[in-house]
>>> print(open('protein.csv').read())   # CSV, C-alpha atoms
chain,number,residue,atom,x,y,z
A,1,MET,CA,39.9,-33.8,-99.0
A,2,LEU,CA,42.9,-31.7,-99.6
A,3,GLU,CA,42.0,-29.5,-96.7
A,4,PHE,CA,41.6,-32.6,-94.5
A,5,LEU,CA,45.0,-34.0,-95.6
A,6,SER,CA,46.8,-30.8,-94.9
A,7,ARG,CA,45.2,-30.6,-91.6
A,8,VAL,CA,46.3,-34.1,-90.7
A,9,PHE,CA,49.9,-33.3,-91.7
A,10,GLY,CA,49.7,-30.1,-89.6
A,11,LYS,CA,50.1,-27.8,-92.5
A,12,GLU,CA,47.0,-25.7,-92.5
A,13,SER,CA,47.4,-22.8,-94.8
A,14,THR,CA,47.0,-19.4,-93.3
A,15,SER,CA,44.5,-16.9,-94.5
A,16,LYS,CA,47.3,-14.9,-96.0
A,17,ASP,CA,48.2,-17.9,-98.2
A,18,VAL,CA,44.6,-18.1,-99.3
A,19,ALA,CA,44.6,-14.3,-100.1
A,20,LYS,CA,47.9,-14.7,-102.1
A,21,GLU,CA,46.6,-17.6,-104.1
A,22,ARG,CA,43.3,-16.0,-104.9
A,23,LEU,CA,45.1,-12.8,-105.9
A,24,ARG,CA,47.5,-14.8,-108.1
A,25,LEU,CA,44.7,-16.4,-110.0
A,26,VAL,CA,42.7,-13.2,-110.4
A,27,LEU,CA,45.7,-11.4,-111.8
A,28,VAL,CA,46.3,-14.0,-114.4
A,29,HIS,CA,42.9,-13.2,-115.7
A,30,ASP,CA,43.2,-9.5,-115.3
A,31,ARG,CA,46.6,-9.3,-117.0
A,32,ALA,CA,45.5,-11.4,-119.9
A,33,ASN,CA,42.4,-9.3,-120.3
A,34,VAL,CA,44.3,-6.0,-120.3
A,35,SER,CA,46.4,-6.9,-123.4
A,36,PRO,CA,45.1,-8.5,-126.5
A,37,GLN,CA,48.5,-7.4,-128.0
A,38,LEU,CA,50.2,-9.9,-125.7
A,39,LEU,CA,48.2,-12.9,-127.2
A,40,HIS,CA,49.0,-11.5,-130.6
A,41,SER,CA,52.7,-11.4,-130.1
A,42,LEU,CA,52.6,-14.8,-128.4
A,43,LYS,CA,50.9,-16.1,-131.5
A,44,ALA,CA,53.5,-14.7,-133.8
A,45,ASP,CA,56.3,-16.2,-131.7
A,46,LEU,CA,54.6,-19.6,-131.6
A,47,ILE,CA,54.3,-19.6,-135.4
A,48,LYS,CA,58.0,-18.8,-135.7
A,49,VAL,CA,59.1,-21.6,-133.4
A,50,ILE,CA,56.7,-24.3,-134.6
A,51,SER,CA,57.4,-23.5,-138.3
A,52,LYS,CA,60.9,-24.7,-137.7
A,53,TYR,CA,59.6,-28.2,-137.1
A,54,MET,CA,56.4,-28.4,-139.2
A,55,GLU,CA,54.3,-26.6,-141.7
A,56,ILE,CA,51.2,-25.1,-140.0
A,57,ASP,CA,48.2,-23.3,-141.1
A,58,GLU,CA,48.9,-19.9,-139.8
A,59,GLU,CA,45.5,-18.5,-140.6
A,60,ALA,CA,43.6,-21.1,-138.6
A,61,LEU,CA,45.9,-21.0,-135.6
A,62,GLU,CA,44.0,-20.1,-132.4
A,63,VAL,CA,45.5,-19.1,-129.1
A,64,THR,CA,43.2,-18.5,-126.1
A,65,LEU,CA,43.2,-18.4,-122.3
A,66,SER,CA,40.6,-20.7,-120.8
A,67,SER,CA,39.9,-20.7,-117.1
A,68,GLU,CA,38.5,-23.3,-114.8
A,69,ASP,CA,37.9,-23.0,-111.1
A,70,THR,CA,41.4,-23.1,-109.8
A,71,GLN,CA,43.6,-22.7,-112.8
A,72,VAL,CA,44.1,-20.8,-116.1
A,73,ALA,CA,45.3,-22.7,-119.2
A,74,LEU,CA,46.7,-21.5,-122.4
A,75,VAL,CA,45.0,-23.4,-125.2
A,76,ALA,CA,46.5,-23.4,-128.6
A,77,ASN,CA,44.8,-25.0,-131.6
A,78,ILE,CA,47.4,-25.4,-134.3
A,79,PRO,CA,46.4,-27.2,-137.5
A,80,VAL,CA,49.4,-29.0,-139.0
A,81,LYS,CA,49.6,-29.1,-142.8
A,82,ASN,CA,52.8,-31.0,-143.3
A,83,MET,CA,55.7,-32.4,-141.4
A,84,LYS,CA,59.1,-31.1,-142.4
A,85,ARG,CA,61.7,-33.7,-143.4
A,86,SER,CA,64.4,-31.9,-141.4
A,87,VAL,CA,62.6,-32.5,-138.2
A,88,LYS,CA,64.9,-35.4,-137.5
A,89,ASP,CA,67.9,-33.1,-137.4
A,90,HIS,CA,66.3,-31.1,-134.7
A,91,SER,CA,65.4,-34.0,-132.5
A,92,VAL,CA,69.0,-35.0,-131.8
B,1,MET,CA,62.6,23.0,-112.7
B,2,GLY,CA,60.6,20.8,-110.4
B,3,GLU,CA,59.1,17.4,-110.9
B,4,VAL,CA,55.4,16.3,-111.0
B,5,ILE,CA,54.6,13.2,-109.0
B,6,VAL,CA,51.1,11.6,-109.1
B,7,VAL,CA,49.8,9.6,-106.2
B,8,THR,CA,47.4,6.9,-107.4
B,9,SER,CA,45.9,3.6,-106.4
B,10,GLY,CA,42.9,2.5,-108.4
B,11,LYS,CA,40.9,1.5,-105.4
B,12,GLY,CA,39.4,4.1,-103.2
B,13,GLY,CA,40.0,4.4,-99.5
B,14,VAL,CA,43.6,3.1,-99.4
B,15,GLY,CA,45.1,6.4,-98.4
B,16,LYS,CA,46.0,8.4,-101.5
B,17,THR,CA,44.9,11.7,-100.0
B,18,THR,CA,46.6,11.0,-96.7
B,19,THR,CA,49.7,9.9,-98.5
B,20,THR,CA,49.7,13.1,-100.6
B,21,ALA,CA,49.2,15.3,-97.6
B,22,ASN,CA,52.0,13.7,-95.6
B,23,ILE,CA,54.5,13.6,-98.5
B,24,GLY,CA,53.9,17.3,-99.3
B,25,THR,CA,54.0,18.3,-95.6
B,26,GLY,CA,57.1,16.3,-95.1
B,27,LEU,CA,58.9,17.8,-98.0
B,28,ALA,CA,57.9,21.3,-96.9
B,29,ALA,CA,59.2,20.6,-93.4
B,30,LEU,CA,62.5,20.0,-95.0
B,31,ASP,CA,62.4,23.5,-96.5
B,32,HIS,CA,61.2,22.5,-100.0
B,33,LYS,CA,58.8,24.5,-102.0
B,34,VAL,CA,55.9,22.2,-102.7
B,35,VAL,CA,52.4,22.5,-104.2
B,36,LEU,CA,49.8,19.8,-103.7
B,37,VAL,CA,47.2,19.5,-106.5
B,38,ASP,CA,43.8,18.0,-105.7
B,39,ALA,CA,42.7,16.3,-108.9
B,40,ASP,CA,39.7,14.7,-107.4
B,41,ILE,CA,37.2,17.2,-108.8
B,42,GLY,CA,33.7,16.9,-107.3
B,43,LEU,CA,35.0,15.1,-104.2
B,44,ARG,CA,37.4,17.6,-102.7
B,45,ASN,CA,39.2,16.3,-99.7
B,46,LEU,CA,42.9,17.2,-99.7
B,47,ASP,CA,41.9,20.6,-98.2
B,48,VAL,CA,40.3,19.1,-95.1
B,49,VAL,CA,43.2,16.6,-94.6
B,50,LEU,CA,45.6,19.6,-94.6
B,51,GLY,CA,43.3,21.8,-92.5
B,52,LEU,CA,43.0,24.4,-95.2
B,53,GLU,CA,39.3,24.0,-96.0
B,54,ASN,CA,38.4,27.5,-94.8
B,55,ARG,CA,40.8,29.3,-97.1
B,56,ILE,CA,39.6,28.3,-100.5
B,57,VAL,CA,38.5,31.1,-102.9
B,58,TYR,CA,39.3,29.8,-106.4
B,59,ASP,CA,40.0,26.2,-107.4
B,60,ILE,CA,41.7,24.1,-110.1
B,61,VAL,CA,38.8,24.5,-112.6
B,62,ASP,CA,38.9,28.3,-112.2
B,63,ALA,CA,42.6,28.3,-112.9
B,64,ALA,CA,42.3,25.9,-115.8
B,65,ASN,CA,39.6,27.9,-117.5
B,66,GLY,CA,41.1,31.3,-116.9
B,67,ASN,CA,38.5,32.5,-114.4
B,68,CYS,CA,41.4,33.5,-112.2
B,69,ARG,CA,45.2,33.5,-112.4
B,70,LEU,CA,46.9,30.3,-111.3
B,71,ARG,CA,48.5,32.2,-108.5
B,72,GLN,CA,45.2,33.3,-107.1
B,73,ALA,CA,43.9,29.7,-106.8
B,74,ILE,CA,47.0,28.5,-104.8
B,75,ILE,CA,46.6,28.5,-101.0
B,76,LYS,CA,49.7,29.1,-99.0
B,77,ASP,CA,49.9,27.2,-95.7
B,78,LYS,CA,50.5,29.4,-92.6
B,79,ARG,CA,52.3,26.7,-90.6
B,80,LEU,CA,54.9,25.6,-93.1
B,81,GLU,CA,56.6,28.1,-95.3
B,82,GLY,CA,57.0,26.0,-98.4
B,83,LEU,CA,53.6,24.2,-98.4
B,84,HIS,CA,50.9,25.1,-101.0
B,85,LEU,CA,47.6,23.7,-102.2
B,86,LEU,CA,45.8,23.9,-105.5
B,87,PRO,CA,42.3,22.7,-104.4
B,88,ALA,CA,39.8,20.8,-106.5
B,89,ALA,CA,36.4,22.2,-107.4
B,90,GLN,CA,33.6,20.7,-105.3
B,91,THR,CA,30.6,21.5,-107.6
B,92,LYS,CA,31.9,20.4,-111.0
B,93,ASP,CA,32.7,16.9,-112.3
B,94,LYS,CA,35.8,15.1,-113.7
B,95,THR,CA,35.2,16.5,-117.2
B,96,ALA,CA,35.6,20.1,-116.0
B,97,VAL,CA,39.3,19.8,-116.8
B,98,THR,CA,40.9,18.2,-119.8
B,99,PRO,CA,44.2,16.3,-119.9
B,100,GLU,CA,45.7,19.1,-122.0
B,101,GLN,CA,44.7,21.7,-119.5
B,102,MET,CA,46.2,19.5,-116.7
B,103,GLU,CA,49.4,19.2,-118.6
B,104,GLU,CA,49.6,23.0,-119.0
B,105,LEU,CA,48.9,23.5,-115.3
B,106,CYS,CA,51.6,21.1,-114.3
B,107,ALA,CA,54.1,22.6,-116.6
B,108,GLU,CA,53.4,26.0,-115.2
B,109,LEU,CA,53.6,24.8,-111.5
B,110,LYS,CA,56.9,23.0,-112.2
B,111,LYS,CA,58.5,26.4,-113.0
B,112,GLU,CA,57.8,27.7,-109.6
B,113,PHE,CA,57.8,24.7,-107.3
B,114,GLU,CA,60.4,22.0,-106.6
B,115,TYR,CA,57.7,19.3,-106.1
B,116,VAL,CA,54.2,19.2,-107.6
B,117,ILE,CA,52.3,16.3,-105.9
B,118,VAL,CA,49.0,15.4,-107.6
B,119,ASP,CA,46.3,13.5,-105.6
B,120,CYS,CA,44.6,11.3,-108.1
B,121,PRO,CA,40.9,10.3,-107.7
B,122,ALA,CA,40.0,6.6,-107.4
B,123,GLY,CA,39.0,4.8,-110.6
B,124,ILE,CA,40.5,4.5,-114.0
B,125,GLU,CA,38.3,6.9,-115.9
B,126,GLN,CA,38.6,10.6,-116.9
B,127,GLY,CA,39.8,11.7,-113.5
B,128,PHE,CA,42.7,9.3,-113.5
B,129,LYS,CA,43.6,10.3,-117.1
B,130,ASN,CA,43.6,13.9,-116.1
B,131,ALA,CA,45.6,13.4,-113.0
B,132,ILE,CA,48.4,11.5,-114.7
B,133,ALA,CA,48.5,13.8,-117.8
B,134,GLY,CA,51.2,16.1,-116.6
B,135,ALA,CA,53.1,13.7,-114.3
B,136,ASP,CA,56.8,12.8,-114.6
B,137,LYS,CA,56.7,10.1,-111.9
B,138,ALA,CA,54.0,8.0,-110.2
B,139,ILE,CA,53.5,6.5,-106.8
B,140,VAL,CA,51.0,3.6,-106.3
B,141,VAL,CA,49.4,3.2,-102.9
B,142,THR,CA,48.0,-0.1,-101.8
B,143,THR,CA,46.9,-1.9,-98.6
B,144,PRO,CA,47.5,-5.5,-97.8
B,145,GLU,CA,44.2,-6.7,-99.2
B,146,VAL,CA,43.3,-8.7,-102.3
B,147,SER,CA,41.1,-6.0,-103.7
B,148,ALA,CA,43.6,-3.2,-103.3
B,149,VAL,CA,46.5,-5.1,-104.7
B,150,ARG,CA,44.5,-6.2,-107.6
B,151,ASP,CA,43.6,-2.6,-108.4
B,152,ALA,CA,47.2,-1.6,-107.9
B,153,ASP,CA,48.2,-4.1,-110.5
B,154,ARG,CA,45.7,-2.7,-113.0
B,155,ILE,CA,46.9,0.8,-112.3
B,156,ILE,CA,50.5,-0.2,-112.8
B,157,GLY,CA,49.6,-1.6,-116.2
B,158,LEU,CA,47.7,1.6,-117.2
B,159,LEU,CA,50.6,3.8,-116.0
B,160,GLU,CA,53.0,1.9,-118.1
B,161,ALA,CA,50.7,2.1,-121.1
B,162,ALA,CA,50.7,5.9,-120.5
B,163,GLU,CA,54.6,5.9,-120.6
B,164,LEU,CA,54.9,6.5,-116.9
B,165,ARG,CA,57.6,4.0,-116.3
B,166,ASP,CA,58.8,2.5,-113.0
B,167,PRO,CA,56.1,3.6,-110.6
B,168,LYS,CA,57.0,3.2,-106.9
B,169,LEU,CA,54.9,1.4,-104.4
B,170,ILE,CA,53.7,2.5,-100.9
B,171,ILE,CA,52.2,-0.2,-98.8
B,172,ASN,CA,49.8,1.5,-96.4
B,173,ARG,CA,48.1,0.3,-93.2
B,174,LEU,CA,50.3,-2.7,-92.6
B,175,ARG,CA,49.7,-4.6,-89.4
B,176,ALA,CA,52.9,-6.3,-88.3
B,177,ARG,CA,51.2,-8.5,-85.8
B,178,MET,CA,48.8,-9.9,-88.4
B,179,VAL,CA,51.6,-10.5,-90.9
B,180,LYS,CA,53.5,-12.4,-88.2
B,181,ALA,CA,50.4,-14.6,-87.5
B,182,GLY,CA,50.1,-15.3,-91.2
B,183,ASP,CA,46.8,-13.4,-91.5
B,184,MET,CA,48.0,-10.6,-93.7
B,185,MET,CA,50.1,-10.4,-96.8
B,186,SER,CA,53.6,-9.4,-96.1
B,187,ILE,CA,55.7,-6.7,-97.8
B,188,ASP,CA,57.5,-9.5,-99.8
B,189,ASP,CA,54.3,-11.1,-100.8
B,190,MET,CA,53.1,-7.9,-102.4
B,191,LEU,CA,56.4,-7.0,-104.0
B,192,GLU,CA,56.5,-10.5,-105.5
B,193,ILE,CA,53.0,-10.1,-107.0
B,194,LEU,CA,53.3,-6.5,-108.2
B,195,ALA,CA,57.0,-6.6,-109.2
B,196,ILE,CA,57.7,-2.9,-108.7
B,197,ASP,CA,60.1,-1.0,-106.5
B,198,LEU,CA,59.1,-0.2,-102.9
B,199,LEU,CA,59.1,3.4,-101.8
B,200,GLY,CA,57.9,2.7,-98.2
B,201,VAL,CA,55.7,0.9,-95.8
B,202,VAL,CA,53.3,2.8,-93.5
B,203,PRO,CA,52.0,0.8,-90.4
B,204,GLU,CA,48.4,1.0,-89.3
B,205,ASP,CA,48.3,3.8,-86.7
B,206,ASP,CA,45.5,5.4,-84.7
B,207,LEU,CA,47.5,8.7,-84.8
B,208,VAL,CA,46.7,9.0,-88.5
B,209,VAL,CA,43.0,9.2,-87.7
B,210,ILE,CA,43.6,11.6,-84.8
B,211,SER,CA,45.8,13.9,-86.9
B,212,THR,CA,43.4,13.8,-89.8
B,213,ASN,CA,40.6,14.9,-87.3
B,214,LYS,CA,42.7,17.9,-86.6
B,215,GLY,CA,43.9,18.7,-90.1
B,216,GLU,CA,47.5,18.2,-89.2
B,217,PRO,CA,49.3,15.5,-91.2
B,218,VAL,CA,50.9,12.9,-89.0
B,219,VAL,CA,54.3,13.3,-90.6
B,220,THR,CA,54.9,16.3,-88.3
B,221,ASN,CA,54.3,14.1,-85.2
B,222,GLU,CA,57.8,13.1,-84.0
B,223,LYS,CA,56.4,10.3,-81.7
B,224,SER,CA,54.3,8.6,-84.3
B,225,LEU,CA,55.5,5.4,-86.1
B,226,SER,CA,53.5,6.2,-89.2
B,227,GLY,CA,54.9,9.7,-89.1
B,228,GLN,CA,58.4,8.2,-89.1
B,229,ALA,CA,57.4,6.0,-92.0
B,230,TYR,CA,56.3,9.1,-94.0
B,231,ARG,CA,59.5,11.0,-93.1
B,232,ASN,CA,61.5,8.1,-94.4
B,233,ILE,CA,59.4,8.1,-97.6
B,234,VAL,CA,60.0,11.8,-98.1
B,235,ARG,CA,63.8,11.3,-97.8
B,236,ARG,CA,63.6,8.5,-100.3
B,237,ILE,CA,61.8,10.8,-102.7
B,238,LYS,CA,64.7,13.2,-102.3
B,239,GLY,CA,67.0,10.4,-103.4
B,240,GLU,CA,68.4,9.4,-100.0
B,241,GLU,CA,68.9,5.7,-99.2
B,242,VAL,CA,66.9,5.0,-96.0
B,243,PRO,CA,66.5,1.5,-94.7
B,244,LEU,CA,63.0,0.2,-93.9
B,245,MET,CA,61.8,0.5,-90.4
B,246,ASP,CA,61.6,-2.6,-88.3
B,247,LEU,CA,57.9,-3.0,-88.0
B,248,GLU,CA,57.8,-6.6,-86.9
B,249,SER,CA,59.1,-6.0,-83.5
B,250,GLU,CA,57.0,-2.9,-82.9
B,251,GLY,CA,53.6,-3.0,-81.3
B,252,GLY,CA,54.5,-5.3,-78.4
B,253,PHE,CA,53.7,-4.0,-74.9
B,254,LEU,CA,57.4,-4.0,-73.9
B,255,LYS,CA,58.4,-2.2,-77.0
B,256,ALA,CA,55.7,0.4,-76.4
B,257,LEU,CA,56.8,0.8,-72.8
B,258,ARG,CA,60.4,1.2,-73.8
B,259,ARG,CA,59.5,3.7,-76.4
B,260,LEU,CA,57.5,5.6,-73.9
B,261,ILE,CA,60.4,5.9,-71.4
B,262,GLY,CA,62.7,6.8,-74.3
B,263,LEU,CA,64.8,3.6,-74.5
B,264,LYS,CA,63.8,3.2,-78.1
>>> encode(input="protein.csv", output="structure tokens")
Amino acid sequence: MLEFLSRVFGKESTSKDVAKERLRLVLVHDRANVSPQLLHSLKADLIKVISKYMEIDEEALEVTLSSEDTQVALVANIPVKNMKRSVKDHSV
Amino acid sequence: MGEVIVVTSGKGGVGKTTTTANIGTGLAALDHKVVLVDADIGLRNLDVVLGLENRIVYDIVDAANGNCRLRQAIIKDKRLEGLHLLPAAQTKDKTAVTPEQMEELCAELKKEFEYVIVDCPAGIEQGFKNAIAGADKAIVVTTPEVSAVRDADRIIGLLEAAELRDPKLIINRLRARMVKAGDMMSIDDMLEILAIDLLGVVPEDDLVVISTNKGEPVVTNEKSLSGQAYRNIVRRIKGEEVPLMDLESEGGFLKALRRLIGLK
């Protein structure tokens, strides 16, 4: 459908665009696979930021990369223990 | 004290050995004292690309294990005064040399040569680890293909993990006409994806095949476009600022005709 639409509007993507897009996706996977340290430090930073707003269960926090056909998503499962009262101050 | 530069790519067949031969020959043509080290043990090839295959007596494994003196294993080119080759062994495998031995070899060679260029084998295993062990700098060779760029990205990550910072990129076998038609990734596309500095771009050129057939690196061919690209790369390695060649307009019939009759 998308292909049909882009053909109608005269914007057929070139094979180079296809190559670039495939490469981009493949590299997101590759780069994520190369460094478990990266996920680890991302997790640490997430805890730092979120803790400003709410009390979370640091032990149960999970951060993973999940991949579907055409995209890669960062999935974070963060159990909240308690909301902080000062949260209102931050929302201004 | 010279510097050790490793030429690597991850994927095989993108032109590591050709690049090594041309950079080394180009540097020697500018009166530098250069040694090329073939680290592809078991799949020796740099010797044939350089046309030195009939002169090998000892090899890198002999030198590393003390079966001969390092000096005895190094072949001196007869055409270019400063050009030397330390050949790989053909009958051993990648484990015949350790990273520590490689480091020692490079340290020794650096004392005598201005440039030590190491031709790395394809892959990311022992051979790769050996080849980069003694290196001060790294060059990553890729071609405008998804597979080659992907492997280059992986290699860049591994080089950085091994503290070889800021590798430089050579894009090999670019076809300007296909880039123009939108059927091949452009220089900018690849730089955007890999996010490293560009050392040079070598166009696809029949003369590379012809010169490799003869064992004479194309860099010495004044009329060749790829030879010019390699000469530019050599000057950039020496620290000169050399603008990229205009590849887009080359290749047309009129251009070729003009070049033929010397109008440039």
>>> atom_distance(input="protein.csv", atom1="atom CA of Lys180 of chain B", atom2="atom CA of Thr14 of chain A")
10.8 Å
>>> closest_atom_pairs(input="protein.csv", of="chain B", to="chain A", cutoff="7 Å", atoms="only C-alpha atoms", output="tab-separated table")
residue	atom	partner	partner_atom	distance
B:Val146	CA	A:Leu23	CA	5.7
B:Arg150	CA	A:Leu27	CA	6.8
B:Gly182	CA	A:Thr14	CA	5.6
B:Asp183	CA	A:Lys16	CA	4.8
B:Met184	CA	A:Lys16	CA	4.9
B:Met185	CA	A:Lys16	CA	5.4
>>> closest_residue(input="protein.csv", among="B:Val208, B:Cys106, B:Ala152, B:Leu30", to="Leu169 of chain B", atoms="only C-alpha atoms")
B:Ala152
>>> atom_distance(input="protein.csv", atom1="atom CA of Ser41 of chain A", atom2="atom CA of Leu25 of chain A")
22.2 Å
>>> residues_around(input="protein.csv", residues="Val80 of chain A", least_positions_apart="5", cutoff="8 Å", atoms="only C-alpha atoms", output="MDAnalysis selection string")
chainID A and resid 54:57
>>> build_atoms(input="protein.csv", residues="segment 85-101 of chain B", atoms="N, CA and C atoms", output="PDB file, keeping the file's coordinate frame")
ATOM      1  N   LEU B  85      48.655  24.565-101.669  1.00  0.00           N
ATOM      2  CA  LEU B  85      47.600  23.700-102.200  1.00  0.00           C
ATOM      3  C   LEU B  85      46.845  24.326-103.321  1.00  0.00           C
ATOM      4  N   LEU B  86      46.674  23.540-104.384  1.00  0.00           N
ATOM      5  CA  LEU B  86      45.800  23.900-105.500  1.00  0.00           C
ATOM      6  C   LEU B  86      44.516  23.046-105.296  1.00  0.00           C
ATOM      7  N   PRO B  87      43.423  23.592-104.740  1.00  0.00           N
ATOM      8  CA  PRO B  87      42.300  22.700-104.400  1.00  0.00           C
ATOM      9  C   PRO B  87      41.452  22.326-105.615  1.00  0.00           C
ATOM     10  N   ALA B  88      40.717  21.225-105.456  1.00  0.00           N
ATOM     11  CA  ALA B  88      39.800  20.800-106.500  1.00  0.00           C
ATOM     12  C   ALA B  88      38.506  21.596-106.387  1.00  0.00           C
ATOM     13  N   ALA B  89      37.701  21.556-107.447  1.00  0.00           N
ATOM     14  CA  ALA B  89      36.400  22.200-107.400  1.00  0.00           C
ATOM     15  C   ALA B  89      35.446  21.147-106.744  1.00  0.00           C
ATOM     16  N   GLN B  90      34.467  21.617-105.989  1.00  0.00           N
ATOM     17  CA  GLN B  90      33.600  20.700-105.300  1.00  0.00           C
ATOM     18  C   GLN B  90      32.266  20.514-106.088  1.00  0.00           C
ATOM     19  N   THR B  91      31.904  21.496-106.904  1.00  0.00           N
ATOM     20  CA  THR B  91      30.600  21.500-107.600  1.00  0.00           C
ATOM     21  C   THR B  91      30.645  20.968-108.998  1.00  0.00           C
ATOM     22  N   LYS B  92      31.838  20.828-109.574  1.00  0.00           N
ATOM     23  CA  LYS B  92      31.900  20.400-111.000  1.00  0.00           C
ATOM     24  C   LYS B  92      32.175  18.850-110.987  1.00  0.00           C
ATOM     25  N   ASP B  93      32.365  18.289-112.184  1.00  0.00           N
ATOM     26  CA  ASP B  93      32.700  16.900-112.300  1.00  0.00           C
ATOM     27  C   ASP B  93      34.082  16.714-112.985  1.00  0.00           C
ATOM     28  N   LYS B  94      34.467  15.447-113.173  1.00  0.00           N
ATOM     29  CA  LYS B  94      35.800  15.100-113.700  1.00  0.00           C
ATOM     30  C   LYS B  94      36.074  15.697-115.090  1.00  0.00           C
ATOM     31  N   THR B  95      34.989  15.992-115.825  1.00  0.00           N
ATOM     32  CA  THR B  95      35.200  16.500-117.200  1.00  0.00           C
ATOM     33  C   THR B  95      35.430  17.979-117.253  1.00  0.00           C
ATOM     34  N   ALA B  96      35.403  18.637-116.083  1.00  0.00           N
ATOM     35  CA  ALA B  96      35.600  20.100-116.000  1.00  0.00           C
ATOM     36  C   ALA B  96      36.999  20.505-116.426  1.00  0.00           C
ATOM     37  N   VAL B  97      37.935  19.563-116.373  1.00  0.00           N
ATOM     38  CA  VAL B  97      39.300  19.800-116.800  1.00  0.00           C
ATOM     39  C   VAL B  97      39.715  18.772-117.806  1.00  0.00           C
ATOM     40  N   THR B  98      40.454  19.176-118.846  1.00  0.00           N
ATOM     41  CA  THR B  98      40.900  18.200-119.800  1.00  0.00           C
ATOM     42  C   THR B  98      42.361  17.813-119.546  1.00  0.00           C
ATOM     43  N   PRO B  99      42.803  16.673-120.073  1.00  0.00           N
ATOM     44  CA  PRO B  99      44.200  16.300-119.900  1.00  0.00           C
ATOM     45  C   PRO B  99      45.176  17.349-120.394  1.00  0.00           C
ATOM     46  N   GLU B 100      44.801  18.021-121.480  1.00  0.00           N
ATOM     47  CA  GLU B 100      45.700  19.100-122.000  1.00  0.00           C
ATOM     48  C   GLU B 100      45.812  20.223-121.042  1.00  0.00           C
ATOM     49  N   GLN B 101      44.692  20.618-120.447  1.00  0.00           N
ATOM     50  CA  GLN B 101      44.700  21.700-119.500  1.00  0.00           C
ATOM     51  C   GLN B 101      45.567  21.303-118.249  1.00  0.00           C
TER      52      GLN B 101
END
